[in-house]
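Student: File my_file.txt follows (compact mmCIF, C-alpha atoms):
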```
# COMPACT_ATOMS: atom_id res chain seq x y z
CA MET A 360 -3.07 -17.09 -17.89
CA ILE A 361 -1.51 -13.74 -18.70
CA LYS A 362 0.18 -11.78 -15.93
CA VAL A 363 0.54 -8.20 -14.76
CA ALA A 364 3.77 -7.46 -12.89
CA LYS A 365 4.35 -4.49 -10.62
CA PHE A 366 7.83 -3.59 -9.38
CA GLY A 367 8.33 -1.51 -6.26
CA GLY A 368 10.88 1.20 -5.66
CA THR A 369 13.61 -1.07 -4.29
CA SER A 370 13.23 -3.22 -7.43
CA LEU A 371 14.05 -0.19 -9.60
CA ALA A 372 16.52 1.69 -7.43
CA SER A 373 19.37 1.71 -9.97
CA ALA A 374 20.60 0.22 -13.24
CA ASP A 375 21.62 -2.96 -11.41
CA GLU A 376 18.05 -3.55 -10.27
CA PHE A 377 16.70 -2.74 -13.75
CA ARG A 378 18.75 -5.65 -15.08
CA LEU A 379 17.19 -8.00 -12.53
CA VAL A 380 13.74 -6.81 -13.57
CA ALA A 381 14.61 -7.37 -17.22
CA ALA A 382 15.51 -10.98 -16.44
CA ILE A 383 12.15 -11.52 -14.74
CA LEU A 384 10.29 -9.93 -17.63
CA LYS A 385 11.61 -12.58 -20.00
CA ASP A 386 8.57 -14.51 -18.77
CA GLY A 387 6.39 -14.27 -21.86
CA ASP A 388 3.18 -14.41 -19.81
CA ILE A 389 3.84 -10.97 -18.31
CA LYS A 390 1.99 -8.62 -20.64
CA VAL A 391 1.79 -5.40 -18.60
CA THR A 392 4.42 -4.00 -16.27
CA VAL A 393 3.78 -1.31 -13.67
CA ALA A 394 6.83 0.62 -12.49
CA SER A 395 7.29 2.55 -9.27
CA ALA A 396 9.70 5.43 -8.83
CA GLY A 397 13.17 4.38 -7.69
CA GLY A 398 13.69 3.58 -4.03
CA LYS A 399 16.67 4.00 -1.74
CA LYS A 400 20.09 3.05 -3.05
CA GLY A 401 23.05 3.51 -0.77
CA SER A 402 23.03 7.13 0.41
CA ASN A 403 20.43 8.05 -2.21
CA GLY A 404 16.92 8.45 -0.86
CA LYS A 405 13.62 7.54 -2.46
CA ILE A 406 12.79 9.40 -5.65
CA THR A 407 9.33 10.40 -4.39
CA ASP A 408 10.92 11.89 -1.27
CA LEU A 409 13.34 13.87 -3.45
CA LEU A 410 10.40 15.27 -5.41
CA LEU A 411 8.48 16.09 -2.24
CA SER A 412 11.49 17.97 -0.90
CA ALA A 413 11.93 19.74 -4.24
CA TYR A 414 8.33 20.93 -4.18
CA GLY A 415 8.85 22.47 -0.75
CA ARG A 416 11.87 24.34 -2.04
CA ILE A 417 10.00 25.53 -5.13
CA VAL A 418 7.14 26.85 -3.00
CA SER A 419 9.73 28.64 -0.86
CA GLY A 420 11.01 30.43 -3.98
CA ASP A 421 13.88 28.27 -5.25
CA ASP A 422 14.54 27.98 -8.97
CA LEU A 423 12.74 24.97 -10.48
CA THR A 424 15.81 23.46 -12.12
CA VAL A 425 17.94 23.91 -9.02
CA ALA A 426 15.28 22.41 -6.75
CA LEU A 427 15.13 19.31 -8.98
CA LYS A 428 18.91 18.90 -9.24
CA ASP A 429 19.11 15.76 -7.05
CA PHE A 430 16.27 14.17 -8.99
CA TYR A 431 17.96 14.90 -12.32
CA ASN A 432 21.24 13.50 -11.03
CA ARG A 433 19.56 10.18 -10.16
CA ILE A 434 17.90 9.99 -13.58
CA THR A 435 21.14 10.85 -15.36
CA GLU A 436 22.99 8.12 -13.46
CA LEU A 437 20.25 5.64 -14.37
CA ILE A 438 20.27 6.55 -18.07
CA TYR A 439 24.04 6.27 -18.34
CA GLY A 440 24.07 3.02 -16.38
CA LEU A 441 21.51 1.44 -18.73
CA LYS A 442 22.93 3.02 -21.91
CA VAL A 443 19.46 3.94 -23.17
CA ASN A 444 18.64 6.71 -25.61
CA SER A 445 16.71 8.89 -23.17
CA ASP A 446 17.89 12.48 -23.28
CA ILE A 447 18.04 14.04 -19.81
CA GLU A 448 17.65 17.52 -21.27
CA ASP A 449 14.49 16.52 -23.10
CA LEU A 450 13.13 14.97 -19.92
CA ARG A 451 14.00 18.10 -17.96
CA LYS A 452 12.22 20.36 -20.45
CA THR A 453 9.17 18.11 -20.51
CA ILE A 454 8.93 18.03 -16.72
CA GLU A 455 9.52 21.73 -16.21
CA CYS A 456 7.16 22.83 -18.99
CA GLY A 457 4.54 20.52 -17.57
CA PHE A 458 5.02 21.88 -14.07
CA LYS A 459 4.73 25.48 -15.23
CA LYS A 460 1.37 24.64 -16.79
CA GLU A 461 0.31 22.54 -13.79
CA PRO A 462 2.28 23.71 -10.73
CA THR A 463 0.86 21.18 -8.30
CA LEU A 464 2.38 18.75 -5.84
CA ASP A 465 0.50 15.89 -7.52
CA PHE A 466 2.06 16.65 -10.88
CA LEU A 467 5.59 16.83 -9.50
CA LEU A 468 5.29 13.68 -7.38
CA SER A 469 3.97 11.71 -10.35
CA ARG A 470 7.07 12.47 -12.42
CA GLY A 471 9.02 9.78 -10.57
CA GLU A 472 6.77 6.97 -11.82
CA TYR A 473 6.43 8.68 -15.19
CA VAL A 474 10.18 8.84 -15.80
CA TYR A 475 11.03 5.42 -14.37
CA SER A 476 8.36 3.66 -16.43
CA LEU A 477 9.48 5.58 -19.52
CA VAL A 478 13.14 4.63 -19.02
CA LEU A 479 12.18 1.00 -18.32
CA SER A 480 10.17 0.88 -21.56
CA GLU A 481 13.14 2.21 -23.54
CA TYR A 482 15.51 -0.22 -21.86
CA LEU A 483 13.29 -3.17 -22.72
CA GLY A 484 12.11 -1.89 -26.08
CA LYS A 485 8.44 -2.10 -25.11
CA LYS A 486 5.50 0.24 -25.57
CA PHE A 487 5.19 3.05 -22.99
CA VAL A 488 1.74 4.15 -21.86
CA ASP A 489 1.35 7.22 -19.67
CA ALA A 490 -0.73 6.19 -16.64
CA ALA A 491 -2.67 9.44 -17.03
CA GLU A 492 -4.24 7.94 -20.16
CA ILE A 493 -5.67 4.84 -18.45
CA MET A 494 -6.13 5.60 -14.73
CA LYS A 495 -9.02 8.04 -14.42
CA PHE A 496 -10.54 10.01 -11.56
CA ASP A 497 -13.91 11.78 -11.44
CA GLU A 498 -14.21 15.54 -10.97
CA ASP A 499 -14.59 15.06 -7.22
CA GLY A 500 -11.27 13.20 -7.08
CA LYS A 501 -12.78 9.74 -6.66
CA PHE A 502 -11.10 7.00 -8.70
CA ASN A 503 -13.33 5.71 -11.50
CA LEU A 504 -12.66 1.99 -11.62
CA GLU A 505 -14.98 1.07 -14.48
CA ILE A 506 -13.82 3.75 -16.91
CA SER A 507 -10.20 2.93 -16.08
CA LYS A 508 -10.76 -0.78 -16.72
CA PHE A 509 -12.37 0.04 -20.07
CA LEU A 510 -9.42 2.22 -21.10
CA ILE A 511 -6.92 -0.42 -19.97
CA ARG A 512 -8.64 -3.12 -22.04
CA ARG A 513 -8.77 -0.85 -25.05
CA THR A 514 -5.11 0.11 -24.70
CA TYR A 515 -4.07 -3.53 -24.41
CA SER A 516 -6.21 -4.47 -27.40
CA GLU A 517 -4.60 -1.76 -29.52
CA ASN A 518 -0.99 -2.10 -28.34
CA GLY A 519 -0.47 -5.51 -26.79
CA GLU A 520 2.27 -5.53 -24.15
CA PHE A 521 3.04 -2.21 -22.50
CA ILE A 522 4.77 -0.56 -19.52
CA THR A 523 3.18 2.14 -17.41
CA GLY A 524 3.76 3.98 -14.16
CA GLY A 525 1.93 3.35 -10.93
CA PHE A 526 0.72 5.82 -8.32
CA TYR A 527 -1.00 8.39 -10.54
CA GLY A 528 -3.75 9.04 -13.05
CA SER A 529 -5.68 12.05 -14.29
CA LEU A 530 -8.83 14.06 -13.65
CA PRO A 531 -11.43 14.78 -16.39
CA ASP A 532 -9.67 18.07 -17.22
CA GLY A 533 -6.38 16.20 -17.77
CA LYS A 534 -4.69 17.36 -14.58
CA ILE A 535 -2.61 14.81 -12.74
CA LYS A 536 -3.83 13.25 -9.52
CA VAL A 537 -1.85 10.79 -7.41
CA PHE A 538 -2.98 8.01 -5.13
CA GLU A 539 -1.66 7.88 -1.58
CA ARG A 540 1.85 6.54 -1.09
CA GLY A 541 2.04 2.89 -2.10
CA GLY A 542 -0.57 3.47 -4.80
CA SER A 543 1.43 1.61 -7.42
CA ASP A 544 0.17 -1.62 -5.81
CA TYR A 545 -3.37 -0.45 -6.50
CA THR A 546 -2.56 0.45 -10.11
CA GLY A 547 -1.29 -3.07 -10.74
CA ALA A 548 -4.43 -4.59 -9.22
CA VAL A 549 -6.72 -2.45 -11.38
CA ILE A 550 -4.88 -3.48 -14.55
CA ALA A 551 -4.95 -7.16 -13.52
CA ALA A 552 -8.70 -6.96 -12.88
CA ALA A 553 -9.28 -5.25 -16.23
CA LEU A 554 -7.37 -7.91 -18.17
CA GLY A 555 -8.37 -10.96 -16.12
CA ALA A 556 -4.69 -11.46 -15.31
CA GLU A 557 -2.72 -12.96 -12.46
CA TYR A 558 -1.06 -10.17 -10.51
CA GLU A 559 2.61 -10.51 -9.50
CA ASN A 560 3.72 -7.84 -7.06
CA TYR A 561 7.51 -7.72 -6.82
CA THR A 562 9.15 -6.25 -3.75
CA ASP A 563 12.35 -6.81 -1.72
CA VAL A 564 11.08 -9.54 0.63
CA ASN A 565 9.99 -13.14 0.12
CA GLY A 566 6.34 -12.47 0.88
CA MET A 567 4.21 -11.84 3.96
CA TYR A 568 5.38 -13.23 7.30
CA SER A 569 3.59 -14.35 10.43
CA PHE A 570 5.08 -11.24 12.07
CA ASP A 571 7.63 -8.60 11.21
CA PRO A 572 10.86 -10.68 10.84
CA HIS A 573 12.92 -7.63 11.80
CA ILE A 574 11.34 -7.87 15.27
CA ILE A 575 10.84 -11.64 15.58
CA SER A 576 13.45 -13.52 13.59
CA SER A 577 11.57 -16.82 13.95
CA ALA A 578 8.56 -15.46 12.07
CA ARG A 579 7.61 -17.72 9.16
CA ARG A 580 6.70 -16.88 5.61
CA ILE A 581 3.01 -17.30 4.87
CA ASP A 582 2.40 -19.40 1.76
CA GLU A 583 -1.22 -18.39 1.24
CA ILE A 584 -3.56 -15.87 2.87
CA SER A 585 -6.96 -14.34 2.19
CA PHE A 586 -7.46 -10.84 0.84
CA GLU A 587 -9.16 -9.74 4.07
CA GLN A 588 -6.42 -11.14 6.31
CA ALA A 589 -3.70 -9.57 4.16
CA ARG A 590 -5.55 -6.25 4.06
CA ILE A 591 -5.86 -6.01 7.83
CA MET A 592 -2.27 -7.08 8.44
CA SER A 593 -1.13 -4.41 5.96
CA GLU A 594 -3.25 -1.76 7.66
CA PHE A 595 -1.63 -2.76 10.94
CA GLY A 596 1.83 -2.21 9.56
CA ALA A 597 2.82 -5.42 7.78
CA GLY A 598 3.77 -3.10 4.93
CA VAL A 599 4.36 -5.62 2.15
CA ILE A 600 1.39 -4.55 0.04
CA HIS A 601 -0.96 -1.57 0.11
CA PRO A 602 -4.23 -2.55 1.88
CA ASP A 603 -6.43 -1.21 -0.95
CA SER A 604 -4.68 -3.28 -3.61
CA VAL A 605 -6.96 -6.26 -2.97
CA LEU A 606 -10.16 -4.29 -3.59
CA PRO A 607 -10.23 -4.26 -7.43
CA LEU A 608 -9.77 -8.05 -7.46
CA ILE A 609 -12.67 -8.92 -5.17
CA GLY A 610 -15.13 -11.09 -7.05
CA THR A 611 -12.70 -11.87 -9.90
CA ASP A 612 -11.17 -15.11 -8.54
CA LEU A 613 -7.78 -13.66 -9.52
CA PRO A 614 -4.82 -14.03 -7.12
CA ILE A 615 -2.05 -11.67 -6.09
CA HIS A 616 1.40 -13.26 -5.87
CA ILE A 617 3.91 -11.36 -3.76
CA LYS A 618 7.43 -12.15 -4.95
CA ASN A 619 10.98 -11.00 -4.32
CA THR A 620 12.82 -9.31 -7.19
CA PHE A 621 16.11 -10.40 -5.64
CA GLU A 622 15.02 -14.00 -5.05
CA PRO A 623 12.39 -14.57 -7.76
CA LEU A 624 12.45 -18.36 -7.38
CA CYS A 625 11.33 -18.16 -3.76
CA GLY A 626 7.72 -19.28 -3.32
CA GLY A 627 6.47 -15.91 -2.10
CA THR A 628 2.95 -15.46 -0.76
CA VAL A 629 -0.28 -15.95 -2.69
CA LEU A 630 -3.27 -13.79 -1.76
CA ARG A 631 -6.70 -15.16 -2.64
CA GLU A 632 -10.17 -13.86 -1.97
CA LYS A 633 -10.88 -17.04 -0.03
CA CYS A 634 -8.11 -19.05 1.61
CA GLU A 635 -9.00 -22.59 2.63
CA LYS A 636 -5.81 -23.08 4.65
CA GLU A 637 -5.49 -22.15 8.29
CA VAL A 638 -3.12 -19.20 8.50
CA PHE A 639 -1.25 -17.89 11.50
CA GLY A 640 -0.41 -14.26 11.00
CA CYS A 641 -0.33 -11.24 13.29
CA ALA A 642 0.54 -7.57 13.24
CA ILE A 643 0.55 -4.78 15.81
CA GLY A 644 -0.71 -1.33 14.90
CA GLN A 645 -0.21 1.79 16.97
CA ASN A 646 -1.93 5.18 17.31
CA PHE A 647 -5.37 3.75 18.01
CA THR A 648 -7.88 5.21 20.43
CA TYR A 649 -10.01 3.17 22.85
CA ALA A 650 -13.41 4.66 23.64
CA LYS A 651 -16.11 3.31 25.93
CA LEU A 652 -19.56 4.87 26.10
CA ILE A 653 -22.01 3.62 28.70
CA GLY A 654 -25.74 3.42 28.01
CA ILE A 655 -25.70 3.84 24.22
CA ASN A 656 -26.78 0.94 22.04
CA ARG A 657 -26.44 0.11 18.35
CA GLY A 658 -29.72 1.79 17.45
CA ASP A 659 -28.51 5.20 18.51
CA LYS A 660 -27.15 7.66 15.95
CA ILE A 661 -23.90 7.74 17.89
CA PHE A 662 -22.91 4.53 16.12
CA GLY A 663 -22.96 6.30 12.76
CA GLU A 664 -20.81 9.05 14.21
CA LEU A 665 -18.32 6.47 15.44
CA ASN A 666 -18.10 4.98 11.95
CA ASP A 667 -17.05 8.40 10.67
CA LEU A 668 -14.04 8.26 13.02
CA ASN A 669 -12.26 5.58 11.00
CA LEU A 670 -13.66 2.84 13.20
CA VAL A 671 -11.63 -0.38 13.12
CA VAL A 672 -13.61 -2.67 15.41
CA SER A 673 -16.35 -2.34 18.02
CA SER A 674 -18.54 -4.28 20.40
CA VAL A 675 -22.03 -3.60 21.70
CA SER A 676 -23.56 -4.81 24.96
CA LYS A 677 -26.61 -3.94 26.99
CA ASP A 678 -24.77 -1.20 28.85
CA GLY A 679 -23.10 0.50 25.91
CA VAL A 680 -20.44 0.56 23.23
CA ILE A 681 -16.71 -0.05 23.10
CA ALA A 682 -14.99 1.23 19.97
CA ILE A 683 -11.42 1.18 18.69
CA PHE A 684 -10.64 3.69 16.00
CA LYS A 685 -7.54 4.85 14.21
CA GLY A 686 -6.23 8.29 14.97
CA ASP A 687 -6.35 11.10 17.48
CA ALA A 688 -8.65 10.93 20.51
CA ASP A 689 -9.44 14.64 20.12
CA ARG A 690 -11.84 13.75 17.32
CA ILE A 691 -14.29 12.45 19.94
CA LYS A 692 -14.79 16.02 21.15
CA ASN A 693 -17.07 16.68 18.17
CA LEU A 694 -19.43 13.80 19.00
CA ARG A 695 -22.64 13.94 20.96
CA TYR A 696 -22.18 12.63 24.50
CA ALA A 697 -18.46 13.46 24.17
CA ASP A 698 -18.26 14.10 27.90
CA LYS A 699 -19.60 10.61 28.65
CA PHE A 700 -16.82 8.73 26.85
CA ILE A 701 -14.07 6.94 28.74
CA VAL A 702 -11.13 7.48 26.41
CA CYS A 703 -7.65 6.02 26.26
CA PRO A 704 -5.50 7.37 23.42
CA GLN A 705 -2.37 5.87 21.89
CA VAL A 706 -3.26 2.23 22.50
CA TYR A 707 -1.76 -0.63 20.51
CA LEU A 708 -4.01 -3.03 18.61
CA LEU A 709 -2.93 -6.60 17.89
CA TYR A 710 -4.55 -8.47 15.02
CA LEU A 711 -4.42 -12.29 14.86
CA THR A 712 -5.84 -14.30 11.97
CA VAL A 713 -8.56 -16.85 12.79
CA GLY A 714 -7.30 -20.35 13.64
CA LYS A 715 -6.52 -22.81 16.40
CA HIS A 716 -2.98 -21.53 16.90
CA SER A 717 -4.19 -17.94 16.99
CA GLU A 718 -6.80 -18.92 19.58
CA LYS A 719 -4.07 -20.39 21.77
CA VAL A 720 -1.92 -17.26 21.49
CA ALA A 721 -4.87 -14.92 22.04
CA ASP A 722 -5.95 -16.79 25.18
CA LYS A 723 -2.40 -16.66 26.55
CA ILE A 724 -2.20 -12.90 25.99
CA LYS A 725 -5.61 -12.37 27.61
CA SER A 726 -4.62 -14.41 30.66
CA GLU A 727 -1.19 -12.82 31.18
CA ILE A 728 -1.53 -9.24 29.93
CA TYR A 729 -3.90 -6.45 30.92
CA THR A 730 -5.95 -5.85 27.78
CA ARG A 731 -8.40 -3.02 27.27
CA TYR A 732 -10.30 -4.84 24.58
CA PHE A 733 -10.58 -8.43 23.35
CA CYS A 734 -12.76 -9.34 20.38
CA LEU A 735 -13.13 -12.20 17.91
CA ASN A 736 -15.08 -11.65 14.70
CA ASP A 737 -15.05 -13.18 11.22
CA SER A 738 -11.79 -11.37 10.39
CA GLY A 739 -9.82 -12.51 13.41
CA TYR A 740 -8.83 -11.50 16.94
CA PHE A 741 -8.45 -7.83 17.89
CA ILE A 742 -6.70 -7.17 21.17
CA ALA A 743 -6.07 -3.62 22.46
CA PHE A 744 -3.42 -2.98 25.10
CA ASP A 745 -1.41 -0.09 26.53
CA SER A 746 2.06 0.81 25.29
CA GLU A 747 3.87 -0.47 28.39
CA ASN A 748 2.56 -3.97 27.66
CA LYS A 749 3.98 -4.16 24.16
CA PRO A 750 7.26 -5.93 25.16
CA SER A 751 5.28 -8.63 26.99
CA VAL A 752 2.96 -9.15 24.02
CA ILE A 753 5.97 -9.40 21.68
CA GLU A 754 7.56 -11.97 23.99
CA ILE A 755 4.42 -14.12 23.95
CA LEU A 756 4.29 -13.95 20.17
CA LYS A 757 7.99 -14.77 19.93
CA THR A 758 7.62 -17.93 22.00
CA ASN A 759 4.57 -19.07 20.05
CA MET A 760 5.72 -18.69 16.45
```
If you convert what's in this file into structure tokens, what do you get?

Tutor:
Amino acid sequence: MIKVAKFGGTSLASADEFRLVAAILKDGDIKVTVASAGGKKGSNGKITDLLLSAYGRIVSGDDLTVALKDFYNRITELIYGLKVNSDIEDLRKTIECGFKKEPTLDFLLSRGEYVYSLVLSEYLGKKFVDAAEIMKFDEDGKFNLEISKFLIRRTYSENGEFITGGFYGSLPDGKIKVFERGGSDYTGAVIAAALGAEYENYTDVNGMYSFDPHIISSARRIDEISFEQARIMSEFGAGVIHPDSVLPLIGTDLPIHIKNTFEPLCGGTVLREKCEKEVFGCAIGQNFTYAKLIGINRGDKIFGELNDLNLVVSSVSKDGVIAIFKGDADRIKNLRYADKFIVCPQVYLLYLTVGKHSEKVADKIKSEIYTRYFCLNDSGYFIAFDSENKPSVIEILKTNM
């Protein structure tokens, strides 16, 4: 099976990392490579953050070239380190002419992925394809998956192997539009779905873990996990892969393999639409709001209004509704019956995958910690608790890894 490989910012932070990527791309099955903008390297920040800062300075009246100085310095260092033929002056003129025609934040932010994928293609001697040519949005800004897949297949048919940038595409009028941060993961998934390819997502860790290993050192790497479990863990802060990156691959029977650029022989984590293995994984998200409304059932229109609040999970009983949603509690003020809600903002929400071990941990938390909400559905356990209980929850997780 052919492969699509996506490399994150830490995998392309400098010339040293580019050489590691080149070694991985000797795998002849990798036919399309998606490049992110360079990540942190020593005292150098992320390229996308440099561009975001530059845009703020430009809006404030700074000269375009001066505002982009730090960005150009990083690119110059990369070009010299790789000894490629890219001309920094040509790149500067291209970027600045483009920005004068299209002076938007989206255009400027996309230039990180554009330049890094272009330099990678020159370093490897492979075809470069501007992501704007294959990743298409509708006039209303909604991503058009089917048209994009058609263009990807046509591009691959005409060119064979190619390298492109993640994170951005274009509107029908040709203007650049970016995805949200982390959108390069989604780009790779779309290309994999279009080509019927296995998707390898390279980052700087050995895969997904049962919990954040920076907090619980005994957390274990997960060998295999379902799309839904991985998506929820990512939404709750697992951070290894963008939650939306599984969506284009639903119904394709194609896996995502999370691998480490710096330890490519490590097993990593395989994401599948359906995982037959029992998985123990958990993540804690913050900035959720707990809302309880007495006397309103599922048939009432209030439930539709709750869904509009970025609802994560809810329960319905004879006496009313309990809902947990992401974001600010102030949004409830615009709902009918707003004065009848019992609201607790800034709660933490623990997610545990379904399984016998998860059941044991969930029951222990419920018996020892005051929880505002406890729910088991097809996706897993959802347990809401107040901020002061977080250390106790972490301790229970730590002793049950």

Student: Which residue is closest to Gln588 of chain A? Choose from A:Phe684, A:Phe744, A:Tyr707, A:Phe639 and count only C-alpha atoms.

Tutor: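 Of all the options, A:Phe639 lies closest to Gln588 of chain A.
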
Student: Around (3.9, -4.1, -0.3), as given in the file, which residues come within 12 Å? Count only C-alpha atoms and list them as number ranges by chain.

Tutor: A: 365-370, 395, 540-545, 547, 559-568, 589-590, 592-594, 596-605, 615-619, 628

Student: Just to confirm, what's the straight-line distance from atom CA of Ala396 of chain A to atom CA of Tyr475 of chain A in Å (one decimal)?

Tutor: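 Going from atom CA of Ala396 of chain A over to atom CA of Tyr475 of chain A covers 5.7 Å.
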
Student: Set the distance at 8 Å and use all atoms listed in the file: which residues neighbour Ile643 of chain A once local chain neighbours fewer than 2 positions away are removed? I'd like the list as a list of chain:residue names.

Tutor: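 Surrounding residues, per the criterion: A:Phe595, A:Gly596, A:Cys641, A:Gln645, A:Tyr707, A:Leu708, A:Leu709, A:Tyr710.
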
Student: Out of A:Ser516, A:Ser569, A:Thr758, A:Thr648, which residue has the shortest atom-to-atom distance to Phe700 of chain A when counting all atoms listed in the file?

Tutor: A:Thr648
